[in-house]
>>> print(open('model_35.csv').read())   # CSV, N, CA and C atoms
chain,number,residue,atom,x,y,z
A,1,MET,N,0.8,-1.2,0.0
A,1,MET,CA,0.0,0.0,0.0
A,1,MET,C,0.9,1.2,0.0
A,2,ALA,N,0.4,2.3,-0.7
A,2,ALA,CA,1.2,3.5,-0.8
A,2,ALA,C,1.2,4.3,0.6
A,3,ASN,N,2.3,4.9,0.8
A,3,ASN,CA,2.4,5.7,2.1
A,3,ASN,C,2.3,7.2,1.9
A,4,HIS,N,2.7,7.7,0.7
A,4,HIS,CA,2.6,9.1,0.5
A,4,HIS,C,1.2,9.6,0.1
A,5,LYS,N,1.0,10.8,0.6
A,5,LYS,CA,-0.3,11.4,0.3
A,5,LYS,C,-0.6,11.6,-1.2
A,6,SER,N,0.4,11.9,-1.9
A,6,SER,CA,0.3,12.1,-3.3
A,6,SER,C,0.0,10.8,-4.0
A,7,ALA,N,0.7,9.7,-3.6
A,7,ALA,CA,0.4,8.4,-4.2
A,7,ALA,C,-1.0,7.9,-3.9
A,8,LEU,N,-1.5,8.2,-2.7
A,8,LEU,CA,-2.9,7.8,-2.4
A,8,LEU,C,-3.9,8.6,-3.3
A,9,LYS,N,-3.6,9.9,-3.5
A,9,LYS,CA,-4.4,10.7,-4.4
A,9,LYS,C,-4.4,10.1,-5.8
A,10,ARG,N,-3.2,9.8,-6.3
A,10,ARG,CA,-3.0,9.2,-7.6
A,10,ARG,C,-3.8,7.9,-7.8
A,11,ILE,N,-3.8,7.1,-6.8
A,11,ILE,CA,-4.6,5.8,-6.8
A,11,ILE,C,-6.1,6.2,-7.0
A,12,ARG,N,-6.6,7.1,-6.2
A,12,ARG,CA,-8.0,7.5,-6.3
A,12,ARG,C,-8.3,8.1,-7.7
A,13,GLN,N,-7.4,8.9,-8.2
A,13,GLN,CA,-7.7,9.5,-9.5
A,13,GLN,C,-7.7,8.5,-10.6
A,14,ASN,N,-6.7,7.5,-10.6
A,14,ASN,CA,-6.7,6.5,-11.6
A,14,ASN,C,-7.9,5.6,-11.6
A,15,GLU,N,-8.5,5.4,-10.4
A,15,GLU,CA,-9.7,4.6,-10.3
A,15,GLU,C,-10.9,5.3,-10.9
A,16,VAL,N,-11.0,6.6,-10.7
A,16,VAL,CA,-12.1,7.4,-11.2
A,16,VAL,C,-12.0,7.4,-12.7
A,17,ARG,N,-10.8,7.6,-13.2
A,17,ARG,CA,-10.6,7.7,-14.7
A,17,ARG,C,-10.8,6.4,-15.4
A,18,LYS,N,-10.4,5.3,-14.7
A,18,LYS,CA,-10.6,4.0,-15.3
A,18,LYS,C,-12.1,3.7,-15.4
A,19,VAL,N,-12.9,4.0,-14.4
A,19,VAL,CA,-14.3,3.8,-14.5
A,19,VAL,C,-15.0,4.7,-15.6
A,20,ARG,N,-14.5,5.9,-15.7
A,20,ARG,CA,-15.1,6.8,-16.7
A,20,ARG,C,-14.7,6.4,-18.1
A,21,ASN,N,-13.4,6.0,-18.3
A,21,ASN,CA,-13.0,5.5,-19.6
A,21,ASN,C,-13.7,4.3,-20.0
A,22,ARG,N,-13.9,3.4,-19.1
A,22,ARG,CA,-14.6,2.1,-19.4
A,22,ARG,C,-16.1,2.4,-19.8
A,23,TYR,N,-16.7,3.4,-19.1
A,23,TYR,CA,-18.1,3.8,-19.5
A,23,TYR,C,-18.1,4.3,-20.9
A,24,TYR,N,-17.2,5.2,-21.3
A,24,TYR,CA,-17.1,5.8,-22.6
A,24,TYR,C,-16.9,4.7,-23.7
A,25,HIS,N,-16.0,3.8,-23.4
A,25,HIS,CA,-15.6,2.8,-24.3
A,25,HIS,C,-16.8,1.9,-24.6
A,26,LYS,N,-17.5,1.5,-23.5
A,26,LYS,CA,-18.7,0.6,-23.6
A,26,LYS,C,-19.8,1.3,-24.3
A,27,THR,N,-20.0,2.6,-24.1
A,27,THR,CA,-21.0,3.3,-24.8
A,27,THR,C,-20.7,3.4,-26.3
A,28,ALA,N,-19.5,3.6,-26.6
A,28,ALA,CA,-19.1,3.6,-28.1
A,28,ALA,C,-19.3,2.2,-28.7
A,29,ARG,N,-19.0,1.2,-28.0
A,29,ARG,CA,-19.1,-0.2,-28.6
A,29,ARG,C,-20.6,-0.5,-28.8
A,30,THR,N,-21.5,0.0,-27.9
A,30,THR,CA,-22.9,-0.2,-28.1
A,30,THR,C,-23.4,0.6,-29.3
A,31,ALA,N,-23.0,1.8,-29.4
A,31,ALA,CA,-23.4,2.6,-30.5
A,31,ALA,C,-23.0,2.0,-31.9
A,32,LEU,N,-21.7,1.5,-31.9
A,32,LEU,CA,-21.3,0.8,-33.1
A,32,LEU,C,-22.1,-0.4,-33.4
A,33,LYS,N,-22.5,-1.2,-32.4
A,33,LYS,CA,-23.3,-2.4,-32.6
A,33,LYS,C,-24.7,-2.0,-33.2
A,34,VAL,N,-25.2,-1.0,-32.6
A,34,VAL,CA,-26.6,-0.5,-33.1
A,34,VAL,C,-26.5,-0.1,-34.5
A,35,LEU,N,-25.5,0.7,-34.9
A,35,LEU,CA,-25.3,1.2,-36.2
A,35,LEU,C,-25.1,0.1,-37.2
A,36,ARG,N,-24.3,-0.9,-36.8
A,36,ARG,CA,-24.0,-2.0,-37.7
A,36,ARG,C,-25.2,-2.9,-38.0
A,37,SER,N,-26.1,-3.0,-37.0
A,37,SER,CA,-27.3,-3.8,-37.1
A,37,SER,C,-28.4,-3.1,-37.8
A,38,GLU,N,-28.3,-1.8,-38.1
A,38,GLU,CA,-29.3,-1.0,-38.7
A,38,GLU,C,-29.5,-1.4,-40.2
A,39,GLU,N,-30.7,-1.7,-40.6
A,39,GLU,CA,-31.0,-2.1,-42.0
A,39,GLU,C,-31.6,-0.9,-42.8
A,40,ASN,N,-32.1,0.1,-42.1
A,40,ASN,CA,-32.7,1.2,-42.8
A,40,ASN,C,-31.7,2.3,-43.1
A,41,LYS,N,-31.5,2.6,-44.4
A,41,LYS,CA,-30.4,3.5,-44.8
A,41,LYS,C,-30.7,4.9,-44.2
A,42,ALA,N,-31.9,5.4,-44.1
A,42,ALA,CA,-32.2,6.7,-43.6
A,42,ALA,C,-31.8,6.8,-42.1
A,43,ALA,N,-32.2,5.8,-41.4
A,43,ALA,CA,-31.9,5.8,-40.0
A,43,ALA,C,-30.4,5.7,-39.7
A,44,ALA,N,-29.7,4.8,-40.5
A,44,ALA,CA,-28.3,4.7,-40.4
A,44,ALA,C,-27.5,6.0,-40.7
A,45,SER,N,-28.0,6.6,-41.8
A,45,SER,CA,-27.4,7.9,-42.2
A,45,SER,C,-27.6,9.0,-41.1
A,46,GLU,N,-28.7,8.9,-40.4
A,46,GLU,CA,-28.9,9.8,-39.3
A,46,GLU,C,-28.0,9.5,-38.1
A,47,GLN,N,-27.7,8.3,-37.8
A,47,GLN,CA,-26.9,7.9,-36.7
A,47,GLN,C,-25.4,8.1,-36.9
A,48,LEU,N,-25.0,7.9,-38.2
A,48,LEU,CA,-23.6,7.9,-38.5
A,48,LEU,C,-22.8,9.2,-38.0
A,49,PRO,N,-23.3,10.4,-38.2
A,49,PRO,CA,-22.5,11.5,-37.7
A,49,PRO,C,-22.4,11.5,-36.2
A,50,LYS,N,-23.4,11.0,-35.5
A,50,LYS,CA,-23.3,11.0,-34.0
A,50,LYS,C,-22.2,10.0,-33.6
A,51,VAL,N,-22.2,8.8,-34.2
A,51,VAL,CA,-21.2,7.8,-33.9
A,51,VAL,C,-19.8,8.3,-34.3
A,52,ILE,N,-19.7,9.0,-35.4
A,52,ILE,CA,-18.3,9.5,-35.8
A,52,ILE,C,-17.9,10.5,-34.8
A,53,ALA,N,-18.7,11.4,-34.3
A,53,ALA,CA,-18.4,12.4,-33.3
A,53,ALA,C,-17.9,11.7,-32.0
A,54,LEU,N,-18.6,10.6,-31.7
A,54,LEU,CA,-18.3,9.9,-30.5
A,54,LEU,C,-16.9,9.3,-30.6
A,55,LEU,N,-16.6,8.7,-31.7
A,55,LEU,CA,-15.3,8.1,-32.0
A,55,LEU,C,-14.2,9.1,-32.0
A,56,ASP,N,-14.5,10.3,-32.5
A,56,ASP,CA,-13.5,11.4,-32.5
A,56,ASP,C,-13.2,11.8,-31.1
A,57,LYS,N,-14.2,11.9,-30.3
A,57,LYS,CA,-14.0,12.3,-28.9
A,57,LYS,C,-13.1,11.3,-28.1
A,58,LEU,N,-13.4,10.0,-28.4
A,58,LEU,CA,-12.6,8.9,-27.7
A,58,LEU,C,-11.2,9.0,-28.2
A,59,ALA,N,-11.0,9.2,-29.5
A,59,ALA,CA,-9.6,9.3,-30.0
A,59,ALA,C,-8.9,10.5,-29.4
A,60,LYS,N,-9.6,11.6,-29.2
A,60,LYS,CA,-9.0,12.8,-28.7
A,60,LYS,C,-8.6,12.6,-27.2
A,61,LYS,N,-9.4,11.9,-26.5
A,61,LYS,CA,-9.1,11.6,-25.1
A,61,LYS,C,-8.1,10.4,-24.9
A,62,ASN,N,-7.6,9.8,-26.0
A,62,ASN,CA,-6.7,8.7,-25.9
A,62,ASN,C,-7.4,7.4,-25.3
A,63,ILE,N,-8.7,7.3,-25.4
A,63,ILE,CA,-9.4,6.1,-24.9
A,63,ILE,C,-9.2,5.0,-26.0
A,64,ILE,N,-9.3,5.4,-27.3
A,64,ILE,CA,-8.9,4.5,-28.3
A,64,ILE,C,-7.9,5.2,-29.2
A,65,HIS,N,-7.1,4.5,-30.0
A,65,HIS,CA,-6.1,5.0,-30.8
A,65,HIS,C,-6.7,5.8,-32.0
A,66,LYS,N,-6.1,6.8,-32.4
A,66,LYS,CA,-6.6,7.7,-33.5
A,66,LYS,C,-6.8,6.9,-34.8
A,67,ASN,N,-5.8,5.9,-35.1
A,67,ASN,CA,-5.9,5.1,-36.3
A,67,ASN,C,-7.1,4.1,-36.2
A,68,LYS,N,-7.4,3.6,-35.0
A,68,LYS,CA,-8.5,2.7,-34.8
A,68,LYS,C,-9.8,3.5,-35.0
A,69,ALA,N,-9.9,4.7,-34.6
A,69,ALA,CA,-11.1,5.5,-34.8
A,69,ALA,C,-11.2,5.8,-36.3
A,70,ALA,N,-10.2,6.1,-37.0
A,70,ALA,CA,-10.2,6.3,-38.4
A,70,ALA,C,-10.7,5.1,-39.2
A,71,ASN,N,-10.2,3.9,-38.8
A,71,ASN,CA,-10.6,2.6,-39.4
A,71,ASN,C,-12.1,2.3,-39.2
A,72,LEU,N,-12.5,2.6,-37.9
A,72,LEU,CA,-13.9,2.3,-37.6
A,72,LEU,C,-14.8,3.3,-38.4
A,73,LYS,N,-14.4,4.5,-38.5
A,73,LYS,CA,-15.3,5.5,-39.2
A,73,LYS,C,-15.3,5.1,-40.7
A,74,SER,N,-14.2,4.7,-41.3
A,74,SER,CA,-14.2,4.3,-42.7
A,74,SER,C,-15.1,3.1,-42.9
A,75,LYS,N,-15.0,2.1,-42.1
A,75,LYS,CA,-15.8,0.9,-42.2
A,75,LYS,C,-17.3,1.2,-42.0
A,76,LEU,N,-17.6,2.0,-41.1
A,76,LEU,CA,-19.0,2.4,-40.8
A,76,LEU,C,-19.6,3.2,-42.0
A,77,THR,N,-18.8,4.1,-42.6
A,77,THR,CA,-19.3,4.8,-43.7
A,77,THR,C,-19.5,3.9,-44.9
A,78,LYS,N,-18.6,3.0,-45.1
A,78,LYS,CA,-18.8,2.0,-46.2
A,78,LYS,C,-20.1,1.2,-46.0
A,79,HIS,N,-20.3,0.8,-44.7
A,79,HIS,CA,-21.5,0.0,-44.4
A,79,HIS,C,-22.8,0.8,-44.7
A,80,VAL,N,-22.8,2.1,-44.3
A,80,VAL,CA,-24.0,2.9,-44.5
A,80,VAL,C,-24.2,3.1,-46.0
A,81,ASN,N,-23.2,3.4,-46.7
A,81,ASN,CA,-23.3,3.7,-48.1
A,81,ASN,C,-23.8,2.4,-48.9
A,82,LYS,N,-23.4,1.2,-48.4
A,82,LYS,CA,-23.8,0.0,-49.1
A,82,LYS,C,-25.3,-0.4,-48.8
A,83,LEU,N,-25.9,0.2,-47.8
A,83,LEU,CA,-27.3,-0.1,-47.5
A,83,LEU,C,-28.2,0.3,-48.7
A,84,ALA,N,-29.2,-0.4,-48.9
A,84,ALA,CA,-30.1,0.0,-50.0
A,84,ALA,C,-31.4,0.6,-49.5
>>> encode(input="model_35.csv", output="structure tokens")
Amino acid sequence: MANHKSALKRIRQNEVRKVRNRYYHKTARTALKVLRSEENKAAASEQLPKVIALLDKLAKKNIIHKNKAANLKSKLTKHVNKLA
């Protein structure tokens, strides 16, 4: 166990950030799953900008890598464009 006051604070901060990051990541995965399962092109086109913005925010906060965000955005855009 840590003895320094600053180390105890760091442990508390890390725990709060871990929980917050896990929530953001899980929310993003759920949004991706919903968009991938969408069959209606109009609804998917409406959801796409929101999901892209969510991925950009996660990449900016280093929750996911920027290249992973770019790959996901590309694949989702292709998926939405392919819908009839």
>>> residues_around(input="model_35.csv", residues="region 59-66 of chain A", least_positions_apart="5", cutoff="8 Å", atoms="only N, CA and C atoms", output="MDAnalysis selection string")
chainID A and resid 21:22 24:25 53:54 71:72
>>> closest_residue(input="model_35.csv", among="A:Met1, A:Gln47, A:Leu55, A:Lys9", to="Lys73 (chain A)", atoms="only C-alpha atoms")
A:Leu55
>>> atom_distance(input="model_35.csv", atom1="CA of Asn81 (chain A)", atom2="atom N of Ala69 (chain A)")
19.0 Å
>>> residues_around(input="model_35.csv", residues="Leu76 (chain A)", least_positions_apart="5", cutoff="8 Å", atoms="all atoms listed in the file", output="number ranges by chain")
A: 35-36, 48, 70-71, 81-82
>>> residues_near_point(input="model_35.csv", point="(-27.4, 3.1, -34.3)", cutoff="8 Å", atoms="all atoms listed in the file", output="list in words")
Thr30, Ala31, Leu32, Lys33, Val34, Leu35, Arg36, Ser37, Glu38, Ala43, Ala44, Glu46, Gln47, Leu48 and Val51 of chain A
>>> atom_distance(input="model_35.csv", atom1="CA of His4 (chain A)", atom2="CA of Arg20 (chain A)")
24.8 Å
>>> select_by_dssp(input="model_35.csv", residues="chain A", states="alpha helix (DSSP H)", output="PyMOL selection string")
chain A and resi 5-37+41-60+66-82
>>> decode(input="model_35.csv", residues="region 21-35 of chain A", atoms="all heavy atoms", output="compact mmCIF listing (two decimals), in the first residue's frame")
# COMPACT_ATOMS: atom_id res chain seq x y z
N ASN A 21 -13.45 5.99 -18.29
CA ASN A 21 -13.01 5.54 -19.60
C ASN A 21 -13.72 4.26 -20.01
O ASN A 21 -14.07 4.07 -21.18
CB ASN A 21 -11.50 5.32 -19.63
CG ASN A 21 -10.73 6.63 -19.59
OD1 ASN A 21 -11.28 7.69 -19.87
ND2 ASN A 21 -9.47 6.56 -19.23
N ARG A 22 -13.94 3.37 -19.06
CA ARG A 22 -14.65 2.12 -19.36
C ARG A 22 -16.08 2.42 -19.79
O ARG A 22 -16.59 1.80 -20.72
CB ARG A 22 -14.65 1.22 -18.12
CG ARG A 22 -15.19 -0.16 -18.39
CD ARG A 22 -15.16 -1.01 -17.16
NE ARG A 22 -13.79 -1.38 -16.82
CZ ARG A 22 -13.44 -1.95 -15.67
NH1 ARG A 22 -14.35 -2.21 -14.76
NH2 ARG A 22 -12.19 -2.26 -15.42
N TYR A 23 -16.71 3.40 -19.13
CA TYR A 23 -18.07 3.79 -19.51
C TYR A 23 -18.09 4.35 -20.93
O TYR A 23 -18.94 3.97 -21.74
CB TYR A 23 -18.61 4.84 -18.53
CG TYR A 23 -19.88 5.50 -19.01
CD1 TYR A 23 -21.09 4.82 -18.94
CD2 TYR A 23 -19.85 6.76 -19.56
CE1 TYR A 23 -22.26 5.41 -19.39
CE2 TYR A 23 -21.01 7.36 -20.02
CZ TYR A 23 -22.21 6.68 -19.92
OH TYR A 23 -23.36 7.26 -20.39
N TYR A 24 -17.17 5.25 -21.27
CA TYR A 24 -17.12 5.82 -22.61
C TYR A 24 -16.88 4.75 -23.67
O TYR A 24 -17.51 4.74 -24.72
CB TYR A 24 -16.01 6.87 -22.71
CG TYR A 24 -16.30 8.16 -22.01
CD1 TYR A 24 -15.29 8.85 -21.37
CD2 TYR A 24 -17.58 8.71 -21.98
CE1 TYR A 24 -15.54 10.05 -20.72
CE2 TYR A 24 -17.84 9.90 -21.34
CZ TYR A 24 -16.81 10.57 -20.71
OH TYR A 24 -17.06 11.75 -20.08
N HIS A 25 -15.96 3.83 -23.38
CA HIS A 25 -15.63 2.78 -24.34
C HIS A 25 -16.83 1.86 -24.56
O HIS A 25 -17.14 1.48 -25.69
CB HIS A 25 -14.43 1.99 -23.82
CG HIS A 25 -13.71 1.23 -24.88
ND1 HIS A 25 -12.40 0.88 -24.79
CD2 HIS A 25 -14.11 0.74 -26.06
CE1 HIS A 25 -12.04 0.22 -25.87
NE2 HIS A 25 -13.07 0.12 -26.65
N LYS A 26 -17.50 1.49 -23.49
CA LYS A 26 -18.66 0.60 -23.60
C LYS A 26 -19.79 1.29 -24.35
O LYS A 26 -20.48 0.67 -25.17
CB LYS A 26 -19.12 0.18 -22.20
CG LYS A 26 -20.24 -0.82 -22.20
CD LYS A 26 -19.83 -2.13 -22.81
CE LYS A 26 -20.97 -3.12 -22.73
NZ LYS A 26 -20.69 -4.34 -23.49
N THR A 27 -20.00 2.58 -24.09
CA THR A 27 -21.03 3.34 -24.80
C THR A 27 -20.75 3.37 -26.29
O THR A 27 -21.65 3.20 -27.12
CB THR A 27 -21.10 4.77 -24.24
OG1 THR A 27 -21.32 4.71 -22.84
CG2 THR A 27 -22.21 5.56 -24.89
N ALA A 28 -19.48 3.55 -26.64
CA ALA A 28 -19.09 3.59 -28.05
C ALA A 28 -19.32 2.23 -28.71
O ALA A 28 -19.82 2.15 -29.84
CB ALA A 28 -17.64 4.01 -28.19
N ARG A 29 -18.96 1.16 -28.04
CA ARG A 29 -19.15 -0.17 -28.61
C ARG A 29 -20.62 -0.46 -28.84
O ARG A 29 -21.01 -1.05 -29.85
CB ARG A 29 -18.54 -1.23 -27.68
CG ARG A 29 -17.03 -1.27 -27.72
CD ARG A 29 -16.49 -2.56 -27.16
NE ARG A 29 -17.00 -2.85 -25.83
CZ ARG A 29 -16.25 -2.96 -24.75
NH1 ARG A 29 -14.95 -2.80 -24.82
NH2 ARG A 29 -16.78 -3.24 -23.59
N THR A 30 -21.47 -0.03 -27.91
CA THR A 30 -22.90 -0.23 -28.07
C THR A 30 -23.42 0.56 -29.26
O THR A 30 -24.23 0.05 -30.04
CB THR A 30 -23.64 0.19 -26.78
OG1 THR A 30 -23.08 -0.53 -25.68
CG2 THR A 30 -25.12 -0.11 -26.87
N ALA A 31 -22.96 1.80 -29.40
CA ALA A 31 -23.40 2.64 -30.53
C ALA A 31 -22.96 2.02 -31.85
O ALA A 31 -23.71 2.03 -32.84
CB ALA A 31 -22.83 4.04 -30.38
N LEU A 32 -21.74 1.46 -31.89
CA LEU A 32 -21.26 0.80 -33.10
C LEU A 32 -22.12 -0.42 -33.44
O LEU A 32 -22.48 -0.64 -34.60
CB LEU A 32 -19.81 0.35 -32.92
CG LEU A 32 -18.75 1.43 -32.87
CD1 LEU A 32 -17.42 0.85 -32.44
CD2 LEU A 32 -18.62 2.09 -34.22
N LYS A 33 -22.47 -1.19 -32.42
CA LYS A 33 -23.27 -2.39 -32.64
C LYS A 33 -24.66 -2.02 -33.17
O LYS A 33 -25.17 -2.67 -34.08
CB LYS A 33 -23.40 -3.15 -31.32
CG LYS A 33 -23.95 -4.54 -31.46
CD LYS A 33 -24.15 -5.21 -30.10
CE LYS A 33 -22.84 -5.45 -29.39
NZ LYS A 33 -23.02 -6.20 -28.13
N VAL A 34 -25.24 -0.96 -32.62
CA VAL A 34 -26.57 -0.53 -33.07
C VAL A 34 -26.50 -0.07 -34.52
O VAL A 34 -27.37 -0.40 -35.33
CB VAL A 34 -27.09 0.60 -32.15
CG1 VAL A 34 -28.32 1.26 -32.75
CG2 VAL A 34 -27.41 0.04 -30.78
N LEU A 35 -25.46 0.69 -34.86
CA LEU A 35 -25.34 1.19 -36.23
C LEU A 35 -25.08 0.05 -37.22
O LEU A 35 -25.63 0.05 -38.32
CB LEU A 35 -24.22 2.23 -36.32
CG LEU A 35 -24.02 2.89 -37.68
CD1 LEU A 35 -25.29 3.58 -38.15
CD2 LEU A 35 -22.89 3.90 -37.62
